[in-house]
file structure20.cif (mmCIF, C-alpha atoms)
data_entry
#
loop_
_atom_site.group_PDB
_atom_site.id
_atom_site.type_symbol
_atom_site.label_atom_id
_atom_site.label_comp_id
_atom_site.auth_asym_id
_atom_site.auth_seq_id
_atom_site.Cartn_x
_atom_site.Cartn_y
_atom_site.Cartn_z
ATOM 1 C CA MET A 1 26.145 -15.310 -3.592
ATOM 2 C CA LEU A 2 28.216 -17.600 -5.777
ATOM 3 C CA ILE A 3 28.585 -21.226 -4.658
ATOM 4 C CA ILE A 4 31.601 -23.233 -5.788
ATOM 5 C CA THR A 5 31.314 -26.955 -5.137
ATOM 6 C CA ASP A 6 34.283 -28.871 -3.748
ATOM 7 C CA SER A 7 34.721 -30.749 -7.038
ATOM 8 C CA ALA A 8 34.771 -27.456 -8.984
ATOM 9 C CA LYS A 9 37.206 -25.929 -6.497
ATOM 10 C CA ASP A 10 39.567 -28.898 -6.838
ATOM 11 C CA TYR A 11 39.333 -28.752 -10.631
ATOM 12 C CA LEU A 12 40.026 -25.006 -10.745
ATOM 13 C CA VAL A 13 42.951 -25.269 -8.315
ATOM 14 C CA GLY A 14 44.420 -27.935 -10.610
ATOM 15 C CA LEU A 15 43.995 -25.719 -13.677
ATOM 16 C CA LEU A 16 45.610 -22.760 -11.926
ATOM 17 C CA ALA A 17 48.590 -24.898 -10.847
ATOM 18 C CA LYS A 18 49.244 -25.802 -14.495
ATOM 19 C CA GLN A 19 49.568 -22.119 -15.415
ATOM 20 C CA ASN A 20 52.924 -21.770 -13.600
ATOM 21 C CA SER A 21 52.161 -18.146 -12.791
ATOM 22 C CA ALA A 22 52.466 -16.809 -9.246
ATOM 23 C CA GLY A 23 49.268 -15.295 -7.912
ATOM 24 C CA MET A 24 47.074 -16.628 -10.728
ATOM 25 C CA ALA A 25 43.407 -16.658 -9.740
ATOM 26 C CA VAL A 26 39.972 -16.916 -11.332
ATOM 27 C CA ARG A 27 37.613 -14.094 -12.294
ATOM 28 C CA VAL A 28 33.849 -14.613 -12.520
ATOM 29 C CA PHE A 29 31.771 -11.997 -14.308
ATOM 30 C CA ILE A 30 28.603 -11.573 -16.318
ATOM 31 C CA THR A 31 28.640 -9.851 -19.675
ATOM 32 C CA GLN A 32 25.582 -7.674 -20.322
ATOM 33 C CA PRO A 33 24.124 -8.445 -16.877
ATOM 34 C CA GLY A 34 20.412 -7.866 -16.452
ATOM 35 C CA THR A 35 19.650 -8.262 -20.153
ATOM 36 C CA PRO A 36 18.339 -11.182 -22.219
ATOM 37 C CA TYR A 37 21.876 -11.462 -23.646
ATOM 38 C CA ALA A 38 23.639 -12.006 -20.317
ATOM 39 C CA GLU A 39 26.414 -14.618 -20.261
ATOM 40 C CA THR A 40 28.203 -15.875 -17.175
ATOM 41 C CA CYS A 41 31.960 -16.141 -17.713
ATOM 42 C CA LEU A 42 34.943 -17.577 -15.897
ATOM 43 C CA ALA A 43 38.497 -16.580 -16.826
ATOM 44 C CA TYR A 44 42.042 -16.676 -15.532
ATOM 45 C CA CYS A 45 43.037 -13.547 -13.626
ATOM 46 C CA ARG A 46 46.691 -12.570 -13.266
ATOM 47 C CA PRO A 47 47.630 -10.222 -10.398
ATOM 48 C CA ASP A 48 48.001 -7.296 -12.827
ATOM 49 C CA GLU A 49 44.410 -7.843 -14.061
ATOM 50 C CA VAL A 50 42.748 -7.397 -10.676
ATOM 51 C CA ASN A 51 40.288 -4.533 -10.512
ATOM 52 C CA GLU A 52 40.342 -2.590 -7.221
ATOM 53 C CA ASN A 53 36.523 -2.807 -7.078
ATOM 54 C CA ASP A 54 36.470 -6.598 -7.341
ATOM 55 C CA GLU A 55 35.075 -8.574 -4.457
ATOM 56 C CA ILE A 56 37.439 -11.317 -3.312
ATOM 57 C CA MET A 57 36.209 -14.803 -2.480
ATOM 58 C CA ASP A 58 38.829 -17.096 -0.937
ATOM 59 C CA GLN A 59 38.203 -20.832 -0.645
ATOM 60 C CA ASP A 60 41.253 -22.611 0.745
ATOM 61 C CA ASP A 61 43.760 -22.631 -2.168
ATOM 62 C CA LEU A 62 41.395 -20.925 -4.600
ATOM 63 C CA ARG A 63 41.025 -17.161 -4.953
ATOM 64 C CA VAL A 64 38.090 -15.879 -6.992
ATOM 65 C CA TYR A 65 37.586 -12.273 -8.042
ATOM 66 C CA LEU A 66 33.969 -11.289 -8.541
ATOM 67 C CA ASP A 67 33.226 -8.380 -10.840
ATOM 68 C CA LYS A 68 31.435 -5.711 -8.777
ATOM 69 C CA GLN A 69 28.936 -4.916 -11.567
ATOM 70 C CA SER A 70 27.994 -8.599 -11.771
ATOM 71 C CA ILE A 71 27.538 -9.419 -8.076
ATOM 72 C CA LEU A 72 23.856 -8.446 -7.945
ATOM 73 C CA TYR A 73 23.197 -10.968 -10.733
ATOM 74 C CA MET A 74 25.147 -13.814 -9.080
ATOM 75 C CA GLU A 75 22.523 -14.588 -6.443
ATOM 76 C CA ASP A 76 22.093 -18.398 -6.385
ATOM 77 C CA ALA A 77 24.887 -18.878 -8.971
ATOM 78 C CA LYS A 78 26.760 -22.153 -8.806
ATOM 79 C CA ILE A 79 29.957 -23.513 -10.331
ATOM 80 C CA ASP A 80 30.201 -27.308 -10.387
ATOM 81 C CA PHE A 81 32.450 -29.940 -11.920
ATOM 82 C CA ALA A 82 31.177 -33.395 -12.857
ATOM 83 C CA LYS A 83 33.769 -36.046 -13.655
ATOM 84 C CA ASP A 84 33.075 -38.376 -16.545
ATOM 85 C CA LYS A 85 34.929 -40.802 -18.840
ATOM 86 C CA MET A 86 36.247 -37.933 -20.963
ATOM 87 C CA GLY A 87 37.598 -36.060 -17.936
ATOM 88 C CA GLY A 88 34.683 -33.950 -16.847
ATOM 89 C CA GLN A 89 32.649 -30.850 -17.392
ATOM 90 C CA LEU A 90 32.698 -27.534 -15.559
ATOM 91 C CA THR A 91 29.280 -25.895 -15.445
ATOM 92 C CA ILE A 92 28.239 -22.435 -14.362
ATOM 93 C CA LYS A 93 24.599 -21.808 -13.585
ATOM 94 C CA ALA A 94 23.484 -18.279 -12.801
ATOM 95 C CA PRO A 95 19.678 -18.186 -12.826
ATOM 96 C CA ASN A 96 19.606 -14.461 -12.063
ATOM 97 C CA ALA A 97 22.163 -13.322 -14.664
ATOM 98 C CA LYS A 98 19.527 -11.986 -17.021
ATOM 99 C CA MET A 99 17.496 -10.474 -14.220
ATOM 100 C CA PRO A 100 18.465 -10.094 -10.562
ATOM 101 C CA LYS A 101 16.154 -11.480 -7.934
ATOM 102 C CA VAL A 102 13.853 -8.711 -6.783
ATOM 103 C CA THR A 103 11.738 -8.192 -3.686
ATOM 104 C CA ASN A 104 9.251 -5.564 -2.544
ATOM 105 C CA ASP A 105 12.249 -3.709 -1.087
ATOM 106 C CA SER A 106 14.108 -3.601 -4.425
ATOM 107 C CA PRO A 107 14.247 -0.270 -6.269
ATOM 108 C CA LEU A 108 11.149 0.395 -8.381
ATOM 109 C CA GLU A 109 13.192 0.324 -11.603
ATOM 110 C CA GLU A 110 14.404 -3.201 -10.827
ATOM 111 C CA GLN A 111 10.870 -4.376 -10.051
ATOM 112 C CA ILE A 112 9.549 -2.951 -13.331
ATOM 113 C CA THR A 113 12.389 -4.457 -15.343
ATOM 114 C CA TYR A 114 11.837 -7.821 -13.679
ATOM 115 C CA ILE A 115 8.138 -7.824 -14.627
ATOM 116 C CA LEU A 116 8.899 -6.703 -18.183
ATOM 117 C CA TYR A 117 11.521 -9.387 -18.809
ATOM 118 C CA ASN A 118 9.780 -12.243 -17.007
ATOM 119 C CA GLU A 119 6.085 -11.631 -17.696
ATOM 120 C CA ILE A 120 5.653 -9.193 -20.590
ATOM 121 C CA ASN A 121 8.543 -9.890 -22.970
ATOM 122 C CA PRO A 122 7.950 -13.652 -23.285
ATOM 123 C CA GLY A 123 4.538 -12.849 -24.823
ATOM 124 C CA LEU A 124 5.939 -10.098 -27.039
ATOM 125 C CA ALA A 125 8.729 -12.416 -28.200
ATOM 126 C CA SER A 126 6.180 -14.563 -30.062
ATOM 127 C CA HIS A 127 5.756 -11.551 -32.365
ATOM 128 C CA GLY A 128 9.475 -10.791 -32.454
ATOM 129 C CA GLY A 129 9.135 -7.862 -30.061
ATOM 130 C CA GLU A 130 10.308 -6.644 -26.710
ATOM 131 C CA VAL A 131 9.880 -3.700 -24.362
ATOM 132 C CA LYS A 132 12.365 -2.165 -21.939
ATOM 133 C CA LEU A 133 12.292 0.455 -19.223
ATOM 134 C CA VAL A 134 13.949 3.765 -20.094
ATOM 135 C CA GLU A 135 13.267 5.558 -16.801
ATOM 136 C CA VAL A 136 10.745 6.251 -14.061
ATOM 137 C CA THR A 137 9.771 9.922 -13.835
ATOM 138 C CA GLU A 138 9.270 11.879 -10.617
ATOM 139 C CA GLU A 139 5.526 11.672 -11.318
ATOM 140 C CA GLY A 140 5.725 7.869 -11.198
ATOM 141 C CA LEU A 141 5.396 7.245 -14.945
ATOM 142 C CA ALA A 142 7.264 4.262 -16.352
ATOM 143 C CA ILE A 143 8.807 5.408 -19.642
ATOM 144 C CA LEU A 144 9.065 2.410 -21.968
ATOM 145 C CA GLU A 145 10.608 1.732 -25.353
ATOM 146 C CA PHE A 146 9.537 -1.036 -27.718
ATOM 147 C CA GLY A 147 11.847 -2.882 -30.071
ATOM 148 C CA GLY A 148 11.809 -5.623 -32.660
ATOM 149 C CA GLY A 149 8.407 -6.511 -34.064
ATOM 150 C CA CYS A 150 6.688 -4.081 -31.685
ATOM 151 C CA GLN A 151 8.390 -1.037 -33.185
ATOM 152 C CA GLY A 152 5.884 0.353 -35.689
ATOM 153 C CA CYS A 153 3.228 -2.281 -34.932
ATOM 154 C CA SER A 154 -0.333 -1.011 -35.389
ATOM 155 C CA ALA A 155 -1.482 -2.760 -32.191
ATOM 156 C CA VAL A 156 1.184 -1.250 -29.926
ATOM 157 C CA ASP A 157 -1.252 1.144 -28.200
ATOM 158 C CA VAL A 158 -3.538 -1.735 -27.207
ATOM 159 C CA THR A 159 -0.549 -3.761 -26.035
ATOM 160 C CA LEU A 160 0.696 -0.800 -23.991
ATOM 161 C CA LYS A 161 -2.594 0.131 -22.304
ATOM 162 C CA GLU A 162 -4.445 -3.183 -22.044
ATOM 163 C CA GLY A 163 -1.490 -5.451 -21.406
ATOM 164 C CA ILE A 164 1.596 -3.751 -20.055
ATOM 165 C CA GLU A 165 0.046 -0.861 -18.133
ATOM 166 C CA LYS A 166 -2.626 -3.043 -16.498
ATOM 167 C CA THR A 167 -0.029 -5.610 -15.446
ATOM 168 C CA LEU A 168 2.406 -3.037 -14.051
ATOM 169 C CA LEU A 169 -0.263 -1.020 -12.191
ATOM 170 C CA THR A 170 -1.749 -4.181 -10.666
ATOM 171 C CA LYS A 171 1.637 -5.363 -9.404
ATOM 172 C CA LEU A 172 3.124 -1.934 -8.633
ATOM 173 C CA PRO A 173 0.338 0.409 -7.487
ATOM 174 C CA GLN A 174 2.892 3.135 -6.703
ATOM 175 C CA LEU A 175 3.171 3.734 -10.477
ATOM 176 C CA SER A 176 0.891 6.371 -11.980
ATOM 177 C CA GLY A 177 1.022 4.975 -15.523
ATOM 178 C CA VAL A 178 3.203 4.141 -18.499
ATOM 179 C CA ARG A 179 4.328 6.100 -21.535
ATOM 180 C CA ASP A 180 5.798 4.863 -24.805
ATOM 181 C CA VAL A 181 8.732 6.847 -26.267
ATOM 182 C CA THR A 182 9.401 4.530 -29.209
ATOM 183 C CA ASP A 183 9.825 6.014 -32.674
ATOM 184 C CA HIS A 184 7.111 3.967 -34.399
ATOM 185 C CA THR A 185 7.748 5.566 -37.779
ATOM 186 C CA GLN A 186 10.567 3.026 -38.184
ATOM 187 C CA GLY A 187 8.412 -0.066 -38.568
ATOM 188 C CA ASP A 188 10.332 -2.114 -41.137
ATOM 189 C CA ASN A 189 10.065 -5.270 -38.992
ATOM 190 C CA ALA A 190 6.679 -4.517 -37.427
ATOM 191 C CA TYR A 191 4.482 -7.475 -36.582
ATOM 192 C CA MET A 192 1.255 -5.904 -37.925
#

call {"tool": "encode", "arguments": {"input": "structure20.cif", "output": "structure tokens"}}
result
Amino acid sequence: MLIITDSAKDYLVGLLAKQNSAGMAVRVFITQPGTPYAETCLAYCRPDEVNENDEIMDQDDLRVYLDKQSILYMEDAKIDFAKDKMGGQLTIKAPNAKMPKVTNDSPLEEQITYILYNEINPGLASHGGEVKLVEVTEEGLAILEFGGGCQGCSAVDVTLKEGIEKTLLTKLPQLSGVRDVTDHTQGDNAYM
């Protein structure tokens, strides 16, 4: 879960005190969690902005509300404050914001998505492409959709069968295969 260092806690308590608002706290959340566009955010949270599903984290004089949808992606996250000549810098590091940590016990969809974003998509990105999981069928097929330079690419079938399917079936033998549902007729930005 989220770690807040003592220096960050002291800094945040000081900021909250300057707000002159009773019950003011901090909210930590991740926008677009589990995607390549994920951003970890910290904001003031007035009592009327508290969501009933928030998880509360109390640290002495500091109350932090954690967005329920973001908690899975906050594993190993850390908020720190480093003093310097200009005052200091607050940093938030959330290494799992773009992809939650997965294990063999994680749902199959999470395991597939983890492999796609950490092993497959970095290679596809060199061609301006990406692939994402749409669903897993009852038959154990991973339904995938390509985007970017992969949409309409003439080599997409080879990429799907020789690269993606082999990787996923090797790592996740419970899958029966993969299927592409991308509309490849729209290939304006295709790599090949």

call {"tool": "resolve_selection", "arguments": {"input": "structure20.cif", "expression": "the PyMOL selection byres ((chain A and resi 44-53) around 9)", "output": "PyMOL selection string"}}
result
chain A and resi 16+21-28+42-43+54-55+64-68

call {"tool": "write_last_selection", "arguments": {"input": "structure20.cif", "atoms": "C-alpha atoms", "output": "compact mmCIF listing (two decimals), in the frame of the given file"}}
result
# COMPACT_ATOMS: atom_id res chain seq x y z
CA LEU A 16 45.61 -22.76 -11.93
CA SER A 21 52.16 -18.15 -12.79
CA ALA A 22 52.47 -16.81 -9.25
CA GLY A 23 49.27 -15.30 -7.91
CA MET A 24 47.07 -16.63 -10.73
CA ALA A 25 43.41 -16.66 -9.74
CA VAL A 26 39.97 -16.92 -11.33
CA ARG A 27 37.61 -14.09 -12.29
CA VAL A 28 33.85 -14.61 -12.52
CA LEU A 42 34.94 -17.58 -15.90
CA ALA A 43 38.50 -16.58 -16.83
CA ASP A 54 36.47 -6.60 -7.34
CA GLU A 55 35.08 -8.57 -4.46
CA VAL A 64 38.09 -15.88 -6.99
CA TYR A 65 37.59 -12.27 -8.04
CA LEU A 66 33.97 -11.29 -8.54
CA ASP A 67 33.23 -8.38 -10.84
CA LYS A 68 31.44 -5.71 -8.78

call {"tool": "atom_distance", "arguments": {"input": "structure20.cif", "atom1": "CA of Ala38 in chain A", "atom2": "CA of Gly140 in chain A"}}
result
28.3 Å

call {"tool": "closest_residue", "arguments": {"input": "structure20.cif", "among": "A:Gln174, A:Asn96, A:Gln89, A:Gln59", "to": "Leu108 in chain A", "atoms": "all atoms listed in the file"}}
result
A:Gln174

call {"tool": "resolve_selection", "arguments": {"input": "structure20.cif", "expression": "the PyMOL selection byres ((chain A and resi 109-116) around 8)", "output": "list in words"}}
result
Met99, Pro100, Val102, Thr103, Asn104, Ser106, Pro107, Leu108, Tyr117, Asn118, Glu119, Ile120, Asn121, Val131, Lys132, Leu133, Glu135, Val136 and Leu168 of chain A

call {"tool": "residues_near_point", "arguments": {"input": "structure20.cif", "point": "(-0.9, 4.1, -18.9)", "cutoff": "9 Å", "atoms": "all atoms listed in the file", "output": "number ranges by chain"}}
result
A: 141-142, 160-162, 164-166, 169, 176-180

call {"tool": "atom_distance", "arguments": {"input": "structure20.cif", "atom1": "CA of Tyr73 in chain A", "atom2": "CA of Lys171 in chain A"}}
result
22.3 Å

call {"tool": "residues_around", "arguments": {"input": "structure20.cif", "residues": "Gly14 in chain A", "least_positions_apart": "4", "cutoff": "12 Å", "atoms": "all atoms listed in the file", "output": "list in words"}}
result
Ser7, Ala8, Lys9, Asp10, Lys18, Gln19, Asn20, Met24, Ala25, Val26, Asp61 and Leu62 of chain A

call {"tool": "closest_residue", "arguments": {"input": "structure20.cif", "among": "A:Ile143, A:Met86, A:Gln32, A:Ala155", "to": "Leu124 in chain A", "atoms": "all atoms listed in the file"}}
result
A:Ala155
